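Notes to accompany the following structure.
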Amino acid sequence: MRTRGLGYYAGRVLFYVLVVFIVVYSVFPFYWAVISSFKTSDALFSSNPSFLPVPFTLTHYQNVFSGAEFGRNLLNSLIVAGGATLICLVLGVMAAYALGRLRFPPKNAVLYIVLAMTMFPQVSVLSGMFVLLRETGLFNTHAGLILSYMLFTLPFTVWVLTGYFRGLPRELEEAAYVDGATPMQTLIKVMLPLTGPGLVTTGLLAFIAAWNEYLFALTFTIGNNVRTVPVAIASFGGATPFEIPWGSIMAASVVVTVPLVILVLIFQQRIVAGLTAGAVKG
Amino acid sequence: MLTIRQTRLAWLLVLPTLLVVAFVAGYPLAQVFYYSFHRADISFVEPTEFVGLKNYIFLLQDPDFRGALWNTLRFTVVSVFLETVLGLAIALVIHSNFRGRGIVRAAILIPWAIPTVVSAKMWQWMLNDIYGVINVILVNTGLVANKIAFLANPNTVLWAMVAVDVWKTTPFMALLLLAGLQLIPSDIYEAADIDGASKWQQFWTLTLPLLTPALVVALIFRTLDALRVFDVIFVMVGVNTATRSLAIYNRQTLIDFQDLGYGSAISVAILVIIFIFVVLYMRVAGKGVRGED
């Protein structure tokens, strides 16, 4: 083995300094939100705040859940994000199977429409969507929000799942046909089980996108019946405009973020693959 | 026989998606174009009236639109630039082999997983002019003498928005670039090592040119996203001339001013601006990666 010079070790040290910087930069804001949510109000507004949650309190979490509102917002978010995810997965699997595996002459035209839609700015249909929801009586309903979320969840789902279907081996399908299966049976009995991992990833990404959506939720809901969590957190107020309840805002933020962070960390390999498949295969 | 049946089934399977797309994208888009040529209020109290190009002529002379466009462009150029540099650095770090690599990759996924509204609130708290941890650190380390009101000062507020956006979206950039790096065969670096090229030379002559396709895709995605910025700015500082983006101005016109006609014209303008960026990138990409399928 060669002896390594001083330069090598200096380089390694610099490299690890960079690594530590990246980790602290990524994690610190979330860490600060978590410890802020557990601090007493006195500790929150101290001139020399502690970097640990002392003195420890659960008051802010009790405040967040003391009224009926926040629970309602969570339920709304679950209904809307869950509904949008289910519908776009069902529609997306059907379309992606046709686009990825079947003989379908206008295949490229459809794929281009789908790709164009993934790049589409939500705000540019804001007025048209508003009119549509008013006309159909879906304004300020869960169904209306779910419908409007198809604008960004469905194209993404179709695009990524088409990629998954294309990647499956041809032989399985042919074996099914030889055994006399119809294309529909082939989809349900042979292909669908194989795309399981793809469905989980795509569903998760669609769910996160819908769970986090703010512009439509803000514009197409009134009052608390349909209002989702992002809108609720953004409009959290205190008794007076001068008293912003930072402790409660951080507690609510932690409640909606921790499940996402856990899901993302569990599925991180697949999410990374799904995200890059959505972008790179273009 | 099988192919005809396949094609028929394919149509059946694609049809629901096409219908939904027509309903949630086609129809609203048609409405946007229609109303952009009309005078109309969003609650339809007054009758809708055809006014030709009047909304578009007004748009060209509207200082508020120009202000929003300027804010959006500054926000987009600076944040996408910083995200690219930082994202590339992070991607290169994760791509190299070292212990603790998994931890870094998991760590950078955290900002990505956090909802934009939550990240806006978290940073609003950290950037608070009196109690914010950033001011505390700056003052305690002696970097600044007095606390800075980042979000109240019109000279700093847009850059504070950029900082929050960079934190939230750099991970996405890093992951896309990492995928690009993993496509580069490692034996070309071995050849370069034998030829005596330094790591620095290898980066500029091998890594960067070979990464161009991934870089262009990542740039397109992030630029289009930044051009329609709404959440971060609206949640952190509301509607405010120093930070009002095109999307915020569009919603303000539509909902606060109830002006469906002019709001629709702004929507069309945003579409046109985004289309211009796509065409520009495609041109550049077409020159950079010719020969790919």
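Residues in the structure tokens are named by chain (A, B, ... in the order shown) and by number from 1 within that chain; ligands are numbered from 1 in the order shown.
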
Inset, instruction - Report as an MDAnalysis selection string: the residues of range 213-280 of chain B with a DSSP assignment of helix (DSSP H, G or I), based on the backbone of this structure. - result: chainID B and resid 213:227 231:237 246:256 260:280

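For chain B, the residues having at least one atom no farther than 6 Å from chain A, when counting only C-alpha atoms, are Gln6, Thr7, Ala10, Leu13, Val14, Thr17, Val24, Pro28, Leu29, Gln31, Val32, Val104, Ala107, Ile108, Ala113, Ile114, Pro115, Val117, Val118, Tyr131, Leu176, Val235 and Ser267 of chain B.
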
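Close contacts of Phe37 in chain B, defined as residues with an atom at most 9 Å away when counting only C-alpha atoms, with chain neighbours fewer than 4 positions off set aside, comprise Phe33, Glu49, Phe50, Val51, Gly52, Leu53, Lys54, Asn55, Tyr56, Gly261, Tyr262, Ser264 and Ala265 of chain B.
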
Legend entry - Point-to-point distance in Å for CA of Ala251 in chain A and CA of Gln62 in chain A: 9.2 Å

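A straight line drawn from CA of Gln182 in chain B to CA of Ala91 in chain B is 9.9 Å long.
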
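Relative to CA of Met282 in chain B, CA of Val217 in chain B is found at 9.5 Å.
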
Legend entry - Contacts of Phe38 in chain A at 6 Å (only C-alpha atoms; same-chain gap of 2+ positions) as a list in words: Ile35, Ser36, Pro53, Phe56, Thr57 and Leu58 of chain A

What does the file look like for those residues with N, CA and C atoms, as a PDB file, in the first residue's frame?
```pdb
ATOM      1  N   ILE A  35     -38.450  20.712  18.175  1.00  0.00           N
ATOM      2  CA  ILE A  35     -38.189  21.112  19.564  1.00  0.00           C
ATOM      3  C   ILE A  35     -39.010  22.344  19.935  1.00  0.00           C
ATOM      4  N   SER A  36     -39.282  23.235  18.961  1.00  0.00           N
ATOM      5  CA  SER A  36     -40.121  24.400  19.278  1.00  0.00           C
ATOM      6  C   SER A  36     -41.516  23.949  19.705  1.00  0.00           C
ATOM      7  N   PRO A  53     -35.422  20.689  23.764  1.00  0.00           N
ATOM      8  CA  PRO A  53     -36.794  21.051  24.155  1.00  0.00           C
ATOM      9  C   PRO A  53     -36.951  21.131  25.669  1.00  0.00           C
ATOM     10  N   PHE A  56     -39.868  21.015  28.907  1.00  0.00           N
ATOM     11  CA  PHE A  56     -40.679  20.215  28.000  1.00  0.00           C
ATOM     12  C   PHE A  56     -42.170  20.348  28.322  1.00  0.00           C
ATOM     13  N   THR A  57     -42.993  20.494  27.279  1.00  0.00           N
ATOM     14  CA  THR A  57     -44.437  20.583  27.500  1.00  0.00           C
ATOM     15  C   THR A  57     -45.203  20.007  26.318  1.00  0.00           C
ATOM     16  N   LEU A  58     -46.405  19.517  26.579  1.00  0.00           N
ATOM     17  CA  LEU A  58     -47.269  19.037  25.493  1.00  0.00           C
ATOM     18  C   LEU A  58     -48.437  20.000  25.243  1.00  0.00           C
TER      19      LEU A  58
END
```
